[in-house]
Amino acid sequence: MLRDRGGSVELDGHLAMTSLQTVETVLRQPQLFSSKEAFDSLNSPLPMVPIAFDPPEQTRYRRILQPFFSPRSIRPLEQPLREQAIALIEPLLDRGECDFVAEVAVPFPVQTFLTLFGLPLEDRDRFLVWKDAILGLTDASGAADPTASQEGMEHAVALFTYLNELIQSRRGVPGDDVLSKLLCIEGDDALTDEEAIGLCFLFILAGLDTVTDSLGFGMERLAKNPDRRRELVEDPTIIPAAVEELVRLDPPAPFIPRVTTEETTVDGRVLPAGSRISSYLAVANRDEARCPNPFEVDFHRGENPHTSFGVGVHRCLGSHLARLEMRLIYEEWHRRIPDYRITPGTTPRVKWPRGTIGLEGLHLTFPAGSA
């Protein structure tokens, strides 16, 4: 049974936040709406730093990690990542066709992770295998899947072993990469081996597919909207605004779970302690009260208060890095391939069930030898 009160929807006893106001209300009060209790149900063997914690523990993690993911800190990555984006795109030009998801959107975020953590790009393909295998160990909600294959478990163990050995070799050894810097922190802020591995796992599981999915959906919308695409080609300075608009329309993480820590009232409903609720980001991003003409693609909105990177203390730690990744791909793609369309006879399909929302593939056709 579905009951709608405007700011939330009750669906078979489960409460979904649907307006921007109710989503912000929930996500900005971690003392009432717990992220930790929501993620405890996943039974992760590792601490998922920092998302699976609430203040004050989450505050400590956030304080330690935030400086390494600020715009100033990731700025030095722009040039090497731009060169990597070009290296993925240029081999496609003479072919006049590609699967954008498989050939650009999937490998680029993995290469970004390797670059950020000071790992060789030659490890990209095995990280892709490990990532896909580990995601296969969970169901659509992110909880452990009891039917997971033995092969998937073996890949998870292989990744754990790789990261554990990496952390042992990097601890206390100065380096320019984020992991080395984190492992050189001493005193009360020093991360344990378990915390460092949990951070790496979270980055792999939450930071790779989300960028892949955002790029896939964004390029699909641009392929279907040639007028908007031409705006990017003619004026690349609006690409940062385009990133915000495309992410607003298609957040790769469809909802954010929380659990109430005490009896509270939301949108006129009294919720007992222990109630599971979810904030539906794509719906909140289309709230007409805050976003006029919310279903249109508009790169000139100015203020764009979307929730796709989360809200409040749990706002996505890697949001600045994700924005950089998407901007670089849109810039370098449209500089070389200004005209493209979805390949006739193909239909982009959404992967489901899984923890994030994304396309299985996106086959694009363009003039061979595009400039």
# chains A, B, ... in the order shown; residues from 1 in each chain; ligands from 1
call {"tool": "select_by_dssp", "arguments": {"residues": "segment 160-347 of chain A", "states": "alpha helix (DSSP H)", "output": "MDAnalysis selection string"}}
result
chainID A and resid 160:170 178:183 193:207 209:224 226:234 239:249 281:284 319:336
call {"tool": "closest_atom_pairs", "arguments": {"of": "segment 142-235 of chain A", "to": "segment 101-121 of chain A", "cutoff": "10 Å", "atoms": "only C-alpha atoms", "output": "tab-separated table"}}
result
residue	atom	partner	partner_atom	distance
A:Leu166	CA	A:Leu119	CA	9.4
A:Gly175	CA	A:Gly118	CA	8.5
A:Asp176	CA	A:Gly118	CA	7.7
A:Asp177	CA	A:Gly118	CA	5.1
A:Val178	CA	A:Phe117	CA	5.5
A:Leu179	CA	A:Phe117	CA	5.4
A:Ser180	CA	A:Phe117	CA	7.7
A:Lys181	CA	A:Phe117	CA	9.6
A:Cys200	CA	A:Phe117	CA	9.2
A:Phe203	CA	A:Phe113	CA	8.0
A:Ile204	CA	A:Phe113	CA	7.7
A:Gly207	CA	A:Pro109	CA	7.8
A:Leu208	CA	A:Pro109	CA	5.3
A:Asp209	CA	A:Val106	CA	7.5
A:Thr210	CA	A:Pro109	CA	9.0
A:Val211	CA	A:Pro109	CA	6.5
A:Thr212	CA	A:Ala105	CA	4.7
A:Asp213	CA	A:Ala105	CA	7.5
A:Ser214	CA	A:Ala105	CA	8.6
A:Leu215	CA	A:Ala105	CA	6.0
A:Gly216	CA	A:Val101	CA	5.8
A:Phe217	CA	A:Val101	CA	9.4
A:Met219	CA	A:Val101	CA	9.3
call {"tool": "residues_around", "arguments": {"residues": "Ser278 of chain A", "least_positions_apart": "5", "cutoff": "10 Å", "atoms": "only C-alpha atoms", "output": "compact mmCIF listing (two decimals) with N, CA and C atoms, in the first residue's frame"}}
result
# COMPACT_ATOMS: atom_id res chain seq x y z
N SER A 8 7.07 12.58 1.99
CA SER A 8 7.48 11.20 2.21
C SER A 8 6.41 10.27 1.68
N HIS A 14 7.31 0.73 4.70
CA HIS A 14 8.65 1.32 4.63
C HIS A 14 8.52 2.78 4.27
N LEU A 15 9.20 3.65 5.01
CA LEU A 15 9.06 5.08 4.80
C LEU A 15 10.18 5.60 3.92
N ALA A 16 9.81 6.27 2.82
CA ALA A 16 10.77 6.84 1.88
C ALA A 16 10.64 8.34 1.88
N MET A 17 11.75 9.05 2.11
CA MET A 17 11.77 10.50 2.05
C MET A 17 11.86 10.93 0.59
N THR A 18 10.96 11.81 0.16
CA THR A 18 10.89 12.13 -1.27
C THR A 18 11.03 13.61 -1.59
N VAL A 23 14.46 15.06 2.99
CA VAL A 23 15.76 14.41 2.84
C VAL A 23 16.82 15.18 3.62
N VAL A 26 16.47 14.66 7.45
CA VAL A 26 16.98 13.37 7.92
C VAL A 26 18.50 13.32 7.88
N LEU A 27 19.09 13.69 6.75
CA LEU A 27 20.53 13.50 6.58
C LEU A 27 21.35 14.48 7.41
N ALA A 38 22.26 1.63 10.14
CA ALA A 38 21.82 1.18 8.82
C ALA A 38 22.84 0.26 8.18
N PRO A 254 20.83 5.26 -5.53
CA PRO A 254 19.41 5.66 -5.60
C PRO A 254 18.80 6.09 -4.29
N PHE A 255 19.31 5.53 -3.18
CA PHE A 255 18.74 5.92 -1.89
C PHE A 255 19.81 5.79 -0.81
N ILE A 256 19.58 6.50 0.30
CA ILE A 256 20.49 6.45 1.45
C ILE A 256 19.70 5.93 2.64
N PRO A 257 20.11 4.80 3.22
CA PRO A 257 19.37 4.23 4.35
C PRO A 257 19.76 4.86 5.68
N ARG A 258 18.82 4.92 6.59
CA ARG A 258 19.06 5.36 7.95
C ARG A 258 18.16 4.57 8.90
N VAL A 259 18.50 4.58 10.19
CA VAL A 259 17.69 3.94 11.23
C VAL A 259 17.50 4.94 12.36
call {"tool": "residues_around", "arguments": {"residues": "Ser35 of chain A", "least_positions_apart": "5", "cutoff": "12 Å", "atoms": "only C-alpha atoms", "output": "PyMOL selection string"}}
result
chain A and resi 26-30+40-42+48-55+57-58+256-261+274+276-279+310+312-315
call {"tool": "atom_distance", "arguments": {"atom1": "atom CA of Cys184 of chain A", "atom2": "atom CA of Arg171 of chain A"}}
result
6.1 Å
call {"tool": "residues_around", "arguments": {"residues": "segment 191-198 of chain A", "least_positions_apart": "5", "cutoff": "7 Å", "atoms": "only C-alpha atoms", "output": "PDB file with all heavy atoms, in the first residue's frame"}}
result
ATOM      1  N   LEU A  46      34.840  -5.642   7.720  1.00  0.00           N
ATOM      2  CA  LEU A  46      35.759  -4.526   7.854  1.00  0.00           C
ATOM      3  C   LEU A  46      34.993  -3.252   8.201  1.00  0.00           C
ATOM      4  O   LEU A  46      33.848  -3.089   7.788  1.00  0.00           O
ATOM      5  CB  LEU A  46      36.538  -4.309   6.547  1.00  0.00           C
ATOM      6  CG  LEU A  46      37.515  -5.406   6.139  1.00  0.00           C
ATOM      7  CD1 LEU A  46      37.949  -5.201   4.695  1.00  0.00           C
ATOM      8  CD2 LEU A  46      38.720  -5.414   7.061  1.00  0.00           C
ATOM      9  N   PRO A  47      35.615  -2.349   8.951  1.00  0.00           N
ATOM     10  CA  PRO A  47      34.953  -1.065   9.235  1.00  0.00           C
ATOM     11  C   PRO A  47      34.886  -0.209   7.982  1.00  0.00           C
ATOM     12  O   PRO A  47      35.915   0.140   7.406  1.00  0.00           O
ATOM     13  CB  PRO A  47      35.863  -0.425  10.293  1.00  0.00           C
ATOM     14  CG  PRO A  47      37.208  -1.035  10.058  1.00  0.00           C
ATOM     15  CD  PRO A  47      36.943  -2.443   9.571  1.00  0.00           C
ATOM     16  N   MET A  48      33.683   0.113   7.505  1.00  0.00           N
ATOM     17  CA  MET A  48      33.520   0.889   6.281  1.00  0.00           C
ATOM     18  C   MET A  48      33.685   2.369   6.613  1.00  0.00           C
ATOM     19  O   MET A  48      32.727   3.099   6.826  1.00  0.00           O
ATOM     20  CB  MET A  48      32.157   0.603   5.643  1.00  0.00           C
ATOM     21  CG  MET A  48      31.906  -0.879   5.368  1.00  0.00           C
ATOM     22  SD  MET A  48      33.127  -1.621   4.267  1.00  0.00           S
ATOM     23  CE  MET A  48      32.538  -1.037   2.701  1.00  0.00           C
ATOM     24  N   VAL A  49      34.958   2.764   6.666  1.00  0.00           N
ATOM     25  CA  VAL A  49      35.331   4.123   7.072  1.00  0.00           C
ATOM     26  C   VAL A  49      35.106   5.098   5.920  1.00  0.00           C
ATOM     27  O   VAL A  49      35.566   4.850   4.802  1.00  0.00           O
ATOM     28  CB  VAL A  49      36.824   4.143   7.491  1.00  0.00           C
ATOM     29  CG1 VAL A  49      37.250   5.553   7.860  1.00  0.00           C
ATOM     30  CG2 VAL A  49      37.085   3.155   8.621  1.00  0.00           C
ATOM     31  N   LEU A 163      45.714  -5.554  -0.325  1.00  0.00           N
ATOM     32  CA  LEU A 163      45.653  -4.307   0.436  1.00  0.00           C
ATOM     33  C   LEU A 163      46.412  -4.431   1.756  1.00  0.00           C
ATOM     34  O   LEU A 163      47.083  -3.481   2.190  1.00  0.00           O
ATOM     35  CB  LEU A 163      44.203  -3.921   0.689  1.00  0.00           C
ATOM     36  CG  LEU A 163      43.386  -3.540  -0.546  1.00  0.00           C
ATOM     37  CD1 LEU A 163      41.927  -3.316  -0.175  1.00  0.00           C
ATOM     38  CD2 LEU A 163      43.956  -2.293  -1.221  1.00  0.00           C
ATOM     39  N   ASN A 164      46.315  -5.577   2.398  1.00  0.00           N
ATOM     40  CA  ASN A 164      47.021  -5.770   3.661  1.00  0.00           C
ATOM     41  C   ASN A 164      48.531  -5.673   3.456  1.00  0.00           C
ATOM     42  O   ASN A 164      49.235  -4.994   4.224  1.00  0.00           O
ATOM     43  CB  ASN A 164      46.656  -7.129   4.258  1.00  0.00           C
ATOM     44  CG  ASN A 164      47.266  -7.332   5.633  1.00  0.00           C
ATOM     45  OD1 ASN A 164      47.089  -6.526   6.538  1.00  0.00           O
ATOM     46  ND2 ASN A 164      48.014  -8.418   5.791  1.00  0.00           N
ATOM     47  N   ILE A 167      49.493  -2.019   2.767  1.00  0.00           N
ATOM     48  CA  ILE A 167      49.494  -1.179   3.965  1.00  0.00           C
ATOM     49  C   ILE A 167      50.728  -1.460   4.823  1.00  0.00           C
ATOM     50  O   ILE A 167      51.346  -0.529   5.364  1.00  0.00           O
ATOM     51  CB  ILE A 167      48.186  -1.387   4.743  1.00  0.00           C
ATOM     52  CG1 ILE A 167      47.037  -0.710   3.980  1.00  0.00           C
ATOM     53  CG2 ILE A 167      48.287  -0.850   6.164  1.00  0.00           C
ATOM     54  CD1 ILE A 167      45.673  -1.078   4.454  1.00  0.00           C
ATOM     55  N   LEU A 183      49.120   6.807   6.193  1.00  0.00           N
ATOM     56  CA  LEU A 183      49.809   5.822   7.023  1.00  0.00           C
ATOM     57  C   LEU A 183      51.039   6.389   7.720  1.00  0.00           C
ATOM     58  O   LEU A 183      51.704   5.683   8.477  1.00  0.00           O
ATOM     59  CB  LEU A 183      50.197   4.609   6.168  1.00  0.00           C
ATOM     60  CG  LEU A 183      49.010   3.792   5.642  1.00  0.00           C
ATOM     61  CD1 LEU A 183      49.483   2.697   4.701  1.00  0.00           C
ATOM     62  CD2 LEU A 183      48.212   3.193   6.795  1.00  0.00           C
TER      63      LEU A 183
END
call {"tool": "select_by_dssp", "arguments": {"residues": "segment 67-259 of chain A", "states": "strand (DSSP E or B)", "output": "ChimeraX atom specification"}}
result
/A:97-99,138,144,255-259
call {"tool": "write_last_selection", "arguments": {"atoms": "C-alpha atoms", "output": "CSV table (one decimal), in the first residue's frame"}}
result
chain,number,residue,atom,x,y,z
A,97,GLU,CA,32.0,3.5,-32.6
A,98,CYS,CA,32.5,2.2,-29.0
A,99,ASP,CA,30.9,1.0,-25.9
A,138,THR,CA,26.0,-8.5,-2.1
A,144,ALA,CA,25.7,-10.1,2.1
A,255,PHE,CA,18.7,5.9,-1.9
A,256,ILE,CA,20.5,6.5,1.4
A,257,PRO,CA,19.4,4.2,4.3
A,258,ARG,CA,19.1,5.4,8.0
A,259,VAL,CA,17.7,3.9,11.2
call {"tool": "closest_residue", "arguments": {"among": "A:Glu231, A:Glu303, A:Glu220, A:Glu325", "to": "His363 of chain A", "atoms": "only C-alpha atoms"}}
result
A:Glu220
call {"tool": "residues_around", "arguments": {"residues": "segment 246-249 of chain A", "least_positions_apart": "4", "cutoff": "7 Å", "atoms": "only C-alpha atoms", "output": "PyMOL selection string"}}
result
chain A and resi 214+218+242+282+285+306+308
call {"tool": "atom_distance", "arguments": {"atom1": "atom CA of Leu364 of chain A", "atom2": "atom CA of Trp333 of chain A"}}
result
12.1 Å
call {"tool": "residues_around", "arguments": {"residues": "segment 150-157 of chain A", "least_positions_apart": "3", "cutoff": "6 Å", "atoms": "only C-alpha atoms", "output": "list in words"}}
result
Trp130, Ala133, Ile134 and Phe160 of chain A
call {"tool": "atom_distance", "arguments": {"atom1": "atom CA of Pro71 of chain A", "atom2": "atom CA of Leu317 of chain A"}}
result
11.1 Å
call {"tool": "closest_residue", "arguments": {"among": "A:Asp123, A:Asp298, A:Asp287, A:Asp250", "to": "Leu359 of chain A", "atoms": "only C-alpha atoms"}}
result
A:Asp250
